[in-house]
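So this one's my_file_9.tsv, TSV, C-alpha atoms and all ligand atoms:
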chain	number	residue	atom	x	y	z
L	1	VAL	CA	-78.98	-45.85	56.21
L	2	SER	CA	-75.69	-45.26	54.60
L	3	ARG	CA	-74.70	-46.74	51.26
L	4	VAL	CA	-71.46	-47.32	49.43
L	5	VAL	CA	-71.58	-45.44	46.13
L	6	LEU	CA	-69.23	-45.97	43.22
L	7	VAL	CA	-68.98	-42.96	40.89
L	8	LEU	CA	-67.75	-43.52	37.39
L	9	VAL	CA	-65.44	-40.78	36.22
L	10	GLU	CA	-65.57	-40.40	32.46
L	11	ARG	CA	-62.40	-39.40	30.73
L	12	SER	CA	-62.40	-36.73	28.09
L	13	GLY	CA	-59.05	-36.25	26.37
L	14	PRO	CA	-56.45	-35.34	29.00
L	15	GLY	CA	-59.11	-34.45	31.58
L	16	VAL	CA	-62.43	-35.43	33.05
L	17	ALA	CA	-65.73	-35.09	31.14
L	18	PRO	CA	-67.52	-31.88	32.23
L	19	SER	CA	-70.53	-33.87	33.42
L	20	SER	CA	-68.60	-36.20	35.76
L	21	PRO	CA	-68.24	-33.72	38.67
L	22	GLU	CA	-72.03	-33.30	38.73
L	23	ALA	CA	-72.36	-36.88	39.97
L	24	VAL	CA	-70.38	-36.25	43.14
L	25	PRO	CA	-72.97	-34.29	45.18
L	26	VAL	CA	-75.66	-36.73	44.02
L	27	ALA	CA	-73.49	-39.59	45.23
L	28	ARG	CA	-73.02	-37.84	48.60
L	29	THR	CA	-76.78	-37.51	49.03
L	30	LEU	CA	-77.38	-41.16	48.17
L	31	ALA	CA	-74.48	-42.37	50.32
L	32	GLU	CA	-76.01	-40.71	53.41
L	33	GLY	CA	-72.63	-40.58	55.09
L	34	GLY	CA	-71.29	-43.74	53.48
L	35	PRO	CA	-68.13	-43.78	51.38
L	36	VAL	CA	-68.12	-42.32	47.87
L	37	THR	CA	-65.48	-43.94	45.74
L	38	GLY	CA	-64.54	-42.90	42.21
L	39	LEU	CA	-63.46	-45.20	39.42
L	40	LEU	CA	-61.52	-44.05	36.37
L	41	LEU	CA	-60.95	-46.48	33.52
L	42	GLY	CA	-58.77	-46.39	30.45
L	43	ARG	CA	-55.20	-46.61	29.33
L	44	ASP	CA	-52.27	-44.28	30.06
L	45	LEU	CA	-54.29	-42.41	32.65
L	46	ALA	CA	-51.38	-40.58	34.30
L	47	PRO	CA	-52.33	-37.19	32.76
L	48	VAL	CA	-55.96	-37.58	33.86
L	49	VAL	CA	-55.21	-38.51	37.47
L	50	GLU	CA	-54.48	-34.87	38.44
L	51	SER	CA	-57.93	-33.66	37.37
L	52	VAL	CA	-59.58	-36.56	39.19
L	53	LYS	CA	-58.05	-35.42	42.49
L	54	GLY	CA	-60.14	-32.25	42.51
L	55	LEU	CA	-63.50	-34.02	42.39
L	56	GLY	CA	-64.05	-34.32	46.13
L	57	LEU	CA	-64.31	-38.11	46.22
L	58	ASP	CA	-63.20	-40.11	49.27
L	59	ARG	CA	-60.81	-42.04	47.06
L	60	VAL	CA	-60.44	-42.81	43.39
L	61	LEU	CA	-59.54	-46.19	41.95
L	62	ILE	CA	-57.46	-45.93	38.81
L	63	ALA	CA	-58.07	-48.87	36.47
L	64	ASP	CA	-55.33	-48.45	33.88
L	65	ALA	CA	-54.93	-51.32	31.44
L	66	ALA	CA	-54.23	-52.02	27.78
L	67	THR	CA	-57.52	-53.91	27.57
L	68	LEU	CA	-59.33	-50.67	28.43
L	69	GLU	CA	-57.71	-48.56	25.74
L	70	LEU	CA	-60.81	-48.54	23.56
L	71	PRO	CA	-64.10	-47.60	25.22
L	72	ARG	CA	-65.85	-50.92	24.74
L	73	ALA	CA	-68.96	-50.81	26.90
L	74	VAL	CA	-69.12	-54.54	27.62
L	75	ALA	CA	-65.44	-54.76	28.59
L	76	TYR	CA	-65.70	-51.65	30.76
L	77	ALA	CA	-68.87	-53.00	32.36
L	78	HIS	CA	-67.11	-56.25	33.27
L	79	VAL	CA	-64.43	-54.27	35.14
L	80	ILE	CA	-66.90	-51.82	36.70
L	81	ALA	CA	-69.05	-54.69	38.01
L	82	ALA	CA	-65.95	-56.26	39.58
L	83	ALA	CA	-64.99	-52.94	41.20
L	84	ALA	CA	-68.54	-52.39	42.44
L	85	THR	CA	-68.59	-55.84	44.02
L	86	SER	CA	-65.13	-55.52	45.56
L	87	THR	CA	-65.89	-52.11	47.08
L	88	GLY	CA	-69.25	-53.36	48.40
L	89	ALA	CA	-71.10	-50.67	46.44
L	90	SER	CA	-74.86	-50.73	46.24
L	91	VAL	CA	-75.07	-47.87	43.73
L	92	VAL	CA	-73.06	-47.27	40.57
L	93	LEU	CA	-73.55	-43.67	39.48
L	94	LEU	CA	-72.51	-42.32	36.11
L	95	SER	CA	-73.35	-39.58	33.61
L	96	SER	CA	-75.96	-40.18	30.96
L	97	THR	CA	-73.64	-39.21	28.14
L	98	VAL	CA	-73.71	-41.10	24.85
L	99	PHE	CA	-71.17	-43.60	26.21
L	100	GLY	CA	-72.69	-43.50	29.71
L	101	ARG	CA	-76.08	-44.64	28.44
L	102	GLU	CA	-74.57	-47.58	26.61
L	103	LEU	CA	-72.46	-48.38	29.63
L	104	ALA	CA	-75.37	-48.27	32.09
L	105	GLY	CA	-77.13	-51.13	30.32
L	106	ALA	CA	-73.95	-53.16	30.06
L	107	ILE	CA	-73.16	-52.67	33.78
L	108	ALA	CA	-76.70	-53.71	34.68
L	109	ALA	CA	-76.21	-56.96	32.77
L	110	ALA	CA	-72.74	-57.64	34.18
L	111	TRP	CA	-73.70	-56.77	37.77
L	112	ASP	CA	-77.24	-58.14	37.90
L	113	ALA	CA	-78.85	-54.83	38.73
L	114	PRO	CA	-81.61	-52.60	37.36
L	115	ALA	CA	-80.45	-49.49	35.52
L	116	SER	CA	-82.01	-46.21	34.55
L	117	THR	CA	-80.62	-43.41	32.42
L	118	GLY	CA	-81.30	-39.73	31.76
L	119	LEU	CA	-82.24	-39.05	35.39
L	120	THR	CA	-82.99	-35.50	36.47
L	121	GLU	CA	-83.88	-36.14	40.13
L	122	ILE	CA	-82.81	-38.87	42.52
L	123	ALA	CA	-83.81	-39.47	46.14
L	124	SER	CA	-83.34	-42.25	48.62
L	125	LYS	CA	-86.60	-43.82	49.72
L	126	GLY	CA	-85.34	-46.39	52.18
L	127	PRO	CA	-82.54	-48.90	52.60
L	128	ASP	CA	-83.12	-50.73	49.32
L	129	SER	CA	-85.15	-48.26	47.36
L	130	ILE	CA	-84.36	-45.22	45.25
L	131	LEU	CA	-86.78	-42.81	43.59
L	132	ALA	CA	-85.75	-41.34	40.28
L	133	THR	CA	-87.28	-38.95	37.76
L	134	ARG	CA	-86.60	-38.40	34.10
L	135	ARG	CA	-88.16	-36.84	31.06
L	136	VAL	CA	-89.40	-39.15	28.33
L	137	PHE	CA	-90.93	-38.78	24.85
L	138	GLY	CA	-88.60	-35.95	23.99
L	139	GLY	CA	-89.35	-34.12	27.22
L	140	ARG	CA	-93.13	-34.14	26.87
L	141	ALA	CA	-93.75	-36.45	29.82
L	142	ILE	CA	-92.16	-36.95	33.22
L	143	GLU	CA	-91.59	-40.47	34.44
L	144	ARG	CA	-91.02	-41.41	38.06
L	145	LEU	CA	-89.40	-44.70	38.89
L	146	THR	CA	-88.70	-46.71	41.98
L	147	LEU	CA	-85.58	-48.82	41.75
L	148	ALA	CA	-85.61	-51.44	44.44
L	149	GLY	CA	-83.05	-54.01	45.42
L	150	PRO	CA	-79.56	-54.20	46.83
L	151	ARG	CA	-77.86	-52.87	43.67
L	152	VAL	CA	-78.76	-50.15	41.19
L	153	VAL	CA	-77.12	-48.42	38.25
L	154	LEU	CA	-78.11	-44.76	37.84
L	155	ALA	CA	-77.10	-42.47	34.97
L	156	ILE	CA	-77.77	-38.78	35.53
L	157	ARG	CA	-78.51	-36.35	32.76
L	158	PRO	CA	-75.68	-33.88	32.07
L	159	ASN	CA	-76.49	-30.37	33.38
L	160	ALA	CA	-79.47	-31.58	35.40
L	161	PHE	CA	-77.59	-31.36	38.69
L	162	PRO	CA	-75.40	-28.46	39.80
L	163	ALA	CA	-71.66	-28.99	39.60
L	164	PRO	CA	-69.97	-28.76	43.00
L	165	GLY	CA	-67.51	-26.06	43.99
L	166	PRO	CA	-63.82	-26.89	44.27
L	167	ALA	CA	-63.01	-29.71	46.68
L	168	ALA	CA	-61.50	-28.77	50.05
L	169	ALA	CA	-58.83	-31.46	49.88
L	170	PRO	CA	-57.43	-33.54	47.02
L	171	SER	CA	-58.94	-37.02	46.72
L	172	PRO	CA	-56.46	-39.83	47.27
L	173	THR	CA	-56.00	-42.02	44.21
L	174	GLU	CA	-54.89	-45.63	44.10
L	175	PRO	CA	-54.15	-48.02	41.28
L	176	TRP	CA	-56.76	-50.75	41.01
L	177	SER	CA	-55.69	-53.98	39.40
L	178	VAL	CA	-57.92	-54.69	36.45
L	179	PRO	CA	-59.32	-58.21	36.32
L	180	GLU	CA	-58.86	-60.28	33.21
L	181	ILE	CA	-61.51	-59.50	30.61
L	182	PRO	CA	-63.04	-62.45	28.70
L	183	PRO	CA	-61.81	-62.28	25.08
L	184	ALA	CA	-65.37	-62.25	23.74
L	185	LEU	CA	-65.91	-58.88	25.42
L	186	LEU	CA	-62.89	-57.47	23.63
L	187	ALA	CA	-63.85	-58.73	20.20
L	188	GLY	CA	-65.31	-55.50	18.82
L	189	GLU	CA	-62.65	-53.29	17.22
L	190	ARG	CA	-63.09	-49.66	16.42
L	191	THR	CA	-61.64	-49.07	12.97
L	192	GLU	CA	-62.16	-45.35	12.82
L	193	PHE	CA	-62.98	-42.55	15.23
L	194	ALA	CA	-63.71	-39.10	13.88
L	195	PRO	CA	-65.59	-36.88	16.31
L	196	ALA	CA	-68.17	-34.78	14.47
L	197	ARG	CA	-67.78	-31.65	16.55
L	198	SER	CA	-69.16	-28.23	15.94
L	199	GLU	CA	-66.01	-26.39	14.87
L	200	GLY	CA	-63.97	-26.56	18.04
L	201	GLY	CA	-66.95	-25.86	20.31
L	202	PRO	CA	-68.32	-28.12	23.03
L	203	GLU	CA	-70.18	-31.35	22.24
L	204	LEU	CA	-73.81	-30.58	21.45
L	205	SER	CA	-75.73	-33.11	23.52
L	206	SER	CA	-73.90	-32.35	26.78
L	207	ALA	CA	-73.13	-28.63	26.25
L	208	THR	CA	-74.01	-26.11	28.97
L	209	ILE	CA	-75.10	-23.51	26.42
L	210	VAL	CA	-76.49	-24.22	22.94
L	211	VAL	CA	-77.20	-21.64	20.24
L	212	SER	CA	-79.29	-23.01	17.37
L	213	GLY	CA	-80.20	-21.42	14.08
L	214	GLY	CA	-83.18	-21.99	11.80
L	215	ARG	CA	-84.56	-21.10	8.40
L	216	GLY	CA	-85.13	-17.53	9.58
L	217	LEU	CA	-81.45	-16.96	8.82
L	218	LYS	CA	-82.49	-17.11	5.15
L	219	ALA	CA	-79.15	-18.17	3.62
L	220	PRO	CA	-76.26	-20.47	4.57
L	221	GLU	CA	-73.72	-17.64	4.82
L	222	ASN	CA	-75.87	-15.90	7.44
L	223	PHE	CA	-75.49	-18.90	9.74
L	224	ALA	CA	-72.08	-17.44	10.64
L	225	MET	CA	-74.03	-15.08	12.94
L	226	VAL	CA	-75.13	-18.09	14.97
L	227	ASP	CA	-71.54	-19.40	15.05
L	228	GLU	CA	-70.35	-16.00	16.29
L	229	LEU	CA	-72.99	-15.76	19.02
L	230	ALA	CA	-72.11	-19.31	20.10
L	231	ARG	CA	-68.42	-18.52	20.17
L	232	SER	CA	-68.99	-15.45	22.34
L	233	LEU	CA	-70.70	-17.72	24.90
L	234	ASP	CA	-68.42	-20.78	24.50
L	235	ALA	CA	-71.60	-22.54	23.40
L	236	ALA	CA	-72.25	-25.47	21.09
L	237	VAL	CA	-73.94	-24.80	17.77
L	238	GLY	CA	-77.18	-26.54	16.81
L	239	ALA	CA	-79.63	-26.23	13.95
L	240	SER	CA	-83.21	-26.94	13.00
L	241	ARG	CA	-83.95	-29.61	10.46
L	242	ALA	CA	-84.82	-26.97	7.88
L	243	VAL	CA	-81.15	-25.94	8.08
L	244	THR	CA	-79.62	-29.41	7.99
L	245	ASP	CA	-81.99	-30.58	5.23
L	246	ALA	CA	-81.00	-27.57	3.16
L	247	GLY	CA	-77.36	-28.57	3.67
L	248	TRP	CA	-76.40	-25.30	5.38
L	249	ARG	CA	-74.99	-27.31	8.26
L	250	PRO	CA	-74.26	-31.05	8.75
L	251	GLY	CA	-76.96	-33.39	10.03
L	252	SER	CA	-74.89	-33.97	13.20
L	253	LEU	CA	-75.99	-30.49	14.37
L	254	GLN	CA	-79.70	-31.16	14.00
L	255	VAL	CA	-81.64	-30.73	17.24
L	256	GLY	CA	-85.03	-32.37	17.71
L	257	GLN	CA	-87.03	-35.52	17.46
L	258	THR	CA	-84.97	-36.95	14.63
L	259	GLY	CA	-81.79	-35.16	15.69
L	260	LYS	CA	-80.03	-34.69	19.02
L	261	SER	CA	-81.71	-34.06	22.34
L	262	VAL	CA	-80.02	-31.30	24.27
L	263	SER	CA	-80.33	-30.33	27.93
L	264	PRO	CA	-78.26	-27.19	28.41
L	265	GLN	CA	-78.62	-24.56	31.10
L	266	LEU	CA	-79.36	-22.11	28.28
L	267	TYR	CA	-80.82	-22.77	24.82
L	268	ILE	CA	-81.00	-19.88	22.37
L	269	ALA	CA	-83.20	-20.44	19.30
L	270	VAL	CA	-82.49	-18.00	16.47
L	271	GLY	CA	-85.02	-17.86	13.61
L	272	ILE	CA	-86.58	-21.17	14.60
L	273	SER	CA	-90.38	-21.43	14.52
L	274	GLY	CA	-90.62	-24.07	17.25
L	275	ALA	CA	-92.22	-26.98	15.41
L	276	ILE	CA	-93.18	-29.81	17.75
L	277	GLN	CA	-90.42	-32.00	16.30
L	278	HIS	CA	-87.85	-29.34	17.17
L	279	LEU	CA	-89.26	-28.79	20.65
L	280	ALA	CA	-89.00	-32.52	21.32
L	281	GLY	CA	-85.21	-32.13	21.50
L	282	ILE	CA	-85.02	-29.02	23.68
L	283	MET	CA	-87.63	-29.36	26.42
L	284	SER	CA	-85.11	-30.44	29.07
L	285	SER	CA	-83.24	-27.17	28.66
L	286	ARG	CA	-83.24	-25.09	31.83
L	287	VAL	CA	-83.78	-21.69	30.20
L	288	ILE	CA	-85.00	-21.20	26.61
L	289	VAL	CA	-84.51	-17.90	24.81
L	290	ALA	CA	-86.14	-17.31	21.44
L	291	ILE	CA	-85.37	-14.68	18.84
L	292	ASN	CA	-88.05	-14.59	16.14
L	293	SER	CA	-89.72	-11.85	14.14
L	294	ASP	CA	-93.15	-13.48	14.37
L	295	PRO	CA	-94.67	-12.87	17.82
L	296	GLN	CA	-97.08	-15.77	17.15
L	297	ALA	CA	-94.28	-18.29	16.51
L	298	PRO	CA	-94.85	-21.42	18.65
L	299	ILE	CA	-91.31	-21.18	20.05
L	300	PHE	CA	-92.53	-18.30	22.25
L	301	ARG	CA	-94.93	-20.66	24.02
L	302	VAL	CA	-92.03	-22.61	25.48
L	303	ALA	CA	-89.50	-19.78	25.75
L	304	ASP	CA	-88.62	-18.35	29.16
L	305	TYR	CA	-87.42	-15.17	27.44
L	306	GLY	CA	-88.36	-14.04	23.98
L	307	ILE	CA	-87.25	-11.27	21.68
L	308	ALA	CA	-89.82	-10.61	18.95
L	309	GLY	CA	-87.74	-8.88	16.33
L	310	ASP	CA	-85.42	-9.12	13.38
L	311	LEU	CA	-82.59	-11.51	14.10
L	312	PHE	CA	-80.35	-9.67	11.62
L	313	GLN	CA	-80.37	-6.71	14.01
L	314	ILE	CA	-80.63	-8.53	17.32
L	315	VAL	CA	-78.03	-11.27	16.96
L	316	PRO	CA	-75.03	-9.08	16.02
L	317	ALA	CA	-75.97	-6.58	18.76
L	318	LEU	CA	-76.31	-9.39	21.31
L	319	THR	CA	-72.99	-10.91	20.29
L	320	ALA	CA	-71.24	-7.53	20.55
L	321	GLU	CA	-72.74	-6.90	23.99
L	322	ILE	CA	-71.79	-10.36	25.28
L	323	ARG	CA	-68.24	-9.84	23.99
L	324	ARG	CA	-68.10	-6.46	25.72
L	325	VAL	CA	-69.40	-7.81	29.04
L	326	ARG	CA	-67.11	-10.82	28.93
L	327	GLY	CA	-64.18	-8.66	27.88
L	328	ARG	CA	-63.24	-10.58	24.76
L	401	LIG	C1	-91.07	-36.77	11.10
L	401	LIG	C2	-90.48	-35.41	11.25
L	401	LIG	C3	-89.36	-35.26	12.02
L	401	LIG	C4	-88.79	-34.00	12.19
L	401	LIG	N1	-87.67	-33.86	13.00
L	401	LIG	C5	-87.18	-32.62	13.21
L	401	LIG	C6	-86.08	-32.41	14.08
L	401	LIG	O1	-85.50	-33.36	14.63
L	401	LIG	N2	-85.65	-31.16	14.27
L	401	LIG	C7	-86.22	-30.07	13.67
L	401	LIG	O2	-85.77	-28.93	13.90
L	401	LIG	N3	-87.25	-30.24	12.84
L	401	LIG	C8	-87.74	-31.49	12.58
L	401	LIG	N4	-88.76	-31.62	11.71
L	401	LIG	C9	-89.19	-30.47	10.90
L	401	LIG	C10	-90.09	-29.52	11.63
L	401	LIG	O3	-91.43	-29.94	11.48
L	401	LIG	C11	-89.95	-28.10	11.03
L	401	LIG	O4	-90.22	-28.14	9.67
L	401	LIG	C12	-88.58	-27.46	11.25
L	401	LIG	O5	-88.20	-27.57	12.59
L	401	LIG	C13	-88.63	-26.02	10.84
L	401	LIG	O6	-87.37	-25.44	10.95
L	401	LIG	P1	-87.24	-23.87	11.25
L	401	LIG	O7	-87.89	-23.55	12.52
L	401	LIG	O8	-85.80	-23.55	11.10
L	401	LIG	O9	-87.97	-23.23	9.99
L	401	LIG	P2	-89.36	-22.50	9.89
L	401	LIG	O10	-90.45	-23.29	10.46
L	401	LIG	O11	-89.48	-22.08	8.48
L	401	LIG	O12	-89.19	-21.22	10.82
L	401	LIG	C14	-88.38	-20.13	10.54
L	401	LIG	C15	-88.67	-19.06	11.56
L	401	LIG	O13	-87.80	-17.96	11.36
L	401	LIG	C16	-88.52	-16.79	11.64
L	401	LIG	N5	-87.88	-15.68	10.95
L	401	LIG	C17	-87.89	-15.42	9.62
L	401	LIG	N6	-87.17	-14.30	9.37
L	401	LIG	C18	-86.72	-13.85	10.56
L	401	LIG	C19	-85.94	-12.73	10.95
L	401	LIG	N7	-85.45	-11.83	10.07
L	401	LIG	N8	-85.69	-12.55	12.27
L	401	LIG	C20	-86.14	-13.43	13.19
L	401	LIG	N9	-86.90	-14.51	12.86
L	401	LIG	C21	-87.17	-14.72	11.57
L	401	LIG	C22	-89.92	-17.06	11.16
L	401	LIG	O14	-90.86	-16.22	11.84
L	401	LIG	C23	-90.10	-18.53	11.49
L	401	LIG	O15	-90.74	-18.69	12.74
L	401	LIG	C24	-89.34	-32.88	11.53
L	401	LIG	C25	-90.49	-33.05	10.75
L	401	LIG	C26	-91.07	-34.29	10.60
L	401	LIG	C27	-92.29	-34.42	9.76
Represent the structure of the file as structure tokens.
Amino acid sequence: VSRVVLVLVERSGPGVAPSSPEAVPVARTLAEGGPVTGLLLGRDLAPVVESVKGLGLDRVLIADAATLELPRAVAYAHVIAAAATSTGASVVLLSSTVFGRELAGAIAAAWDAPASTGLTEIASKGPDSILATRRVFGGRAIERLTLAGPRVVLAIRPNAFPAPGPAAAPSPTEPWSVPEIPPALLAGERTEFAPARSEGGPELSSATIVVSGGRGLKAPENFAMVDELARSLDAAVGASRAVTDAGWRPGSLQVGQTGKSVSPQLYIAVGISGAIQHLAGIMSSRVIVAINSDPQAPIFRVADYGIAGDLFQIVPALTAEIRRVRGR
């Protein structure tokens, strides 16, 4: 049976969030030949529309309105629910980014549908039934869910699904007139927005590659080696709690149970022992590489590749080699 799938395209600055394209092949699978429509929301979207055209969607609705200038989940959800209803969608698919997770719940409420976030596998089980899988308890357990009913909201984990190649033909875009939003949904005002980014690098929780440093670096100035390795790979920088507690790096970079959960294609742990609370934040990573001088360190039990050796020798050599191979 074919379905109508509405894919939410998340804006990121003048372009599309890196995780949004990953939803398109998933949508195609779920649609089983049915139409896959994109929806882009915000204000002054003209610069973003060009990047949306390359996503390989059947068409993209552009919801451009002053009321959507600030990313207010409840206001967005009101509009998304209206678009889902008017396109006859039975699935709303989005990325499980920080905003996506908040949005998924709000859409579920506005559209009377079940929602699930952080999904790593999705399959159709019948006309009104979808099977989904996700990791829970910091990656230590796998949960399988059946979402039944005529409407579902599904948020997929960034980097869990392969991004598609370039689209054969540009997707047609069309302005979509935004319905009036009840004032109560617009009541929250953002008074400040200061992204806590790792110096110019990608955002930690959705990065494709993460390089994290731990106490094994011995002193705050040595953490620059981790920054350099990350830069050579265009990776985000993370840290163990030992590092953030010591004030070597801000708490926003902490990875683990009480920090951020990451799910990159590649996680490199430098001088990190692999305490259970750290592992809780990294177990959804596709490939884990550990560099640690202690061959008994618990990080090696979860690492796909390990280098048992002195990070002060290995990390600079690795960075130099990556630079050489990448020609930069
Ligand atoms: C409630 C609670 C919540 C917590 N939440 C988190 C969390 O969210 N995230 C988190 O990270 N931690 C968390 N922790 C702390 C966690 O238990 C560990 O203490 C912490 O992760 C240790 O950080 P580390 O691996 O950097 O340091 P260490 O455990 O001290 O490990 C340093 C490692 O560096 C290696 N090393 C030393 N010198 C070298 C060298 N020259 N070359 C290579 N390797 C070297 C050592 O062999 C060692 O394995 C939490 C703890 C509690 C109790």
Using all atoms listed in the file, which protein or nucleic acid residues come within 8 Å of stretch 110-125 of chain L? Drop anything in the same chain fewer than 3 positions from it, and give the result as a PDB file with C-alpha atoms, keeping the file's coordinate frame.
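The result, stored in selection.pdb:
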ATOM      1  CA  VAL L  26     -75.660 -36.730  44.020  1.00  0.00           C
ATOM      2  CA  THR L  29     -76.780 -37.510  49.030  1.00  0.00           C
ATOM      3  CA  LEU L  30     -77.380 -41.160  48.170  1.00  0.00           C
ATOM      4  CA  ALA L  77     -68.870 -53.000  32.360  1.00  0.00           C
ATOM      5  CA  HIS L  78     -67.110 -56.250  33.270  1.00  0.00           C
ATOM      6  CA  ALA L  81     -69.050 -54.690  38.010  1.00  0.00           C
ATOM      7  CA  ALA L  82     -65.950 -56.260  39.580  1.00  0.00           C
ATOM      8  CA  SER L  96     -75.960 -40.180  30.960  1.00  0.00           C
ATOM      9  CA  ARG L 101     -76.080 -44.640  28.440  1.00  0.00           C
ATOM     10  CA  ALA L 104     -75.370 -48.270  32.090  1.00  0.00           C
ATOM     11  CA  GLY L 105     -77.130 -51.130  30.320  1.00  0.00           C
ATOM     12  CA  ALA L 106     -73.950 -53.160  30.060  1.00  0.00           C
ATOM     13  CA  ILE L 107     -73.160 -52.670  33.780  1.00  0.00           C
ATOM     14  CA  ASP L 128     -83.120 -50.730  49.320  1.00  0.00           C
ATOM     15  CA  SER L 129     -85.150 -48.260  47.360  1.00  0.00           C
ATOM     16  CA  ILE L 130     -84.360 -45.220  45.250  1.00  0.00           C
ATOM     17  CA  LEU L 131     -86.780 -42.810  43.590  1.00  0.00           C
ATOM     18  CA  ALA L 132     -85.750 -41.340  40.280  1.00  0.00           C
ATOM     19  CA  THR L 133     -87.280 -38.950  37.760  1.00  0.00           C
ATOM     20  CA  ARG L 134     -86.600 -38.400  34.100  1.00  0.00           C
ATOM     21  CA  ARG L 135     -88.160 -36.840  31.060  1.00  0.00           C
ATOM     22  CA  LEU L 147     -85.580 -48.820  41.750  1.00  0.00           C
ATOM     23  CA  GLY L 149     -83.050 -54.010  45.420  1.00  0.00           C
ATOM     24  CA  ARG L 151     -77.860 -52.870  43.670  1.00  0.00           C
ATOM     25  CA  VAL L 152     -78.760 -50.150  41.190  1.00  0.00           C
ATOM     26  CA  VAL L 153     -77.120 -48.420  38.250  1.00  0.00           C
ATOM     27  CA  LEU L 154     -78.110 -44.760  37.840  1.00  0.00           C
ATOM     28  CA  ALA L 155     -77.100 -42.470  34.970  1.00  0.00           C
ATOM     29  CA  ILE L 156     -77.770 -38.780  35.530  1.00  0.00           C
ATOM     30  CA  ARG L 157     -78.510 -36.350  32.760  1.00  0.00           C
ATOM     31  CA  ALA L 160     -79.470 -31.580  35.400  1.00  0.00           C
ATOM     32  CA  PHE L 161     -77.590 -31.360  38.690  1.00  0.00           C
TER      33      PHE L 161
END
Return as a PyMOL selection string the residues of protein, DNA or RNA that approach ligand LIG 401 (chain L) to within 10 Å, with only C-alpha atoms and all ligand atoms taken into account.
chain L and resi 212-218+238-245+251+253-261+269-282+290-300+307-315
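We find atom CA of L:Val60 and atom CA of L:Leu40 to be spaced 7.2 Å apart.
The smallest atom-to-atom distance between L:Arg323 and any of L:Ser232, L:Ser90, L:Ser2, L:Ser51, using all atoms listed in the file, is found for L:Ser232.
Minimum distance to L:Val178 across L:Arg28, L:Arg144, L:Arg43, L:Arg3 (counting only C-alpha atoms) occurs at L:Arg43.
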Generate the missing atoms of stretch 307-311 of chain L up to all heavy atoms and report them as a CSV table (one decimal), in the coordinates of the input.
chain,number,residue,atom,x,y,z
L,307,ILE,N,-87.4,-12.6,22.3
L,307,ILE,CA,-87.2,-11.3,21.7
L,307,ILE,C,-88.0,-11.4,20.4
L,307,ILE,O,-87.6,-12.1,19.5
L,307,ILE,CB,-85.8,-10.9,21.4
L,307,ILE,CG1,-84.9,-11.1,22.7
L,307,ILE,CG2,-85.6,-9.5,20.9
L,307,ILE,CD1,-83.4,-10.9,22.6
L,308,ALA,N,-89.1,-10.6,20.2
L,308,ALA,CA,-89.8,-10.6,19.0
L,308,ALA,C,-89.2,-9.5,18.1
L,308,ALA,O,-89.4,-8.3,18.4
L,308,ALA,CB,-91.3,-10.4,19.2
L,309,GLY,N,-88.4,-9.9,17.1
L,309,GLY,CA,-87.7,-8.9,16.3
L,309,GLY,C,-86.9,-9.5,15.3
L,309,GLY,O,-86.8,-10.7,15.2
L,310,ASP,N,-86.2,-8.7,14.5
L,310,ASP,CA,-85.4,-9.1,13.4
L,310,ASP,C,-84.1,-9.6,13.9
L,310,ASP,O,-83.3,-8.9,14.4
L,310,ASP,CB,-85.2,-7.9,12.4
L,310,ASP,CG,-84.5,-8.3,11.2
L,310,ASP,OD1,-84.2,-9.5,11.0
L,310,ASP,OD2,-84.1,-7.4,10.4
L,311,LEU,N,-83.8,-10.9,13.6
L,311,LEU,CA,-82.6,-11.5,14.1
L,311,LEU,C,-81.4,-10.8,13.5
L,311,LEU,O,-80.3,-10.8,14.1
L,311,LEU,CB,-82.6,-13.0,13.8
L,311,LEU,CG,-82.5,-13.5,12.4
L,311,LEU,CD1,-81.0,-13.7,11.9
L,311,LEU,CD2,-83.2,-14.9,12.3
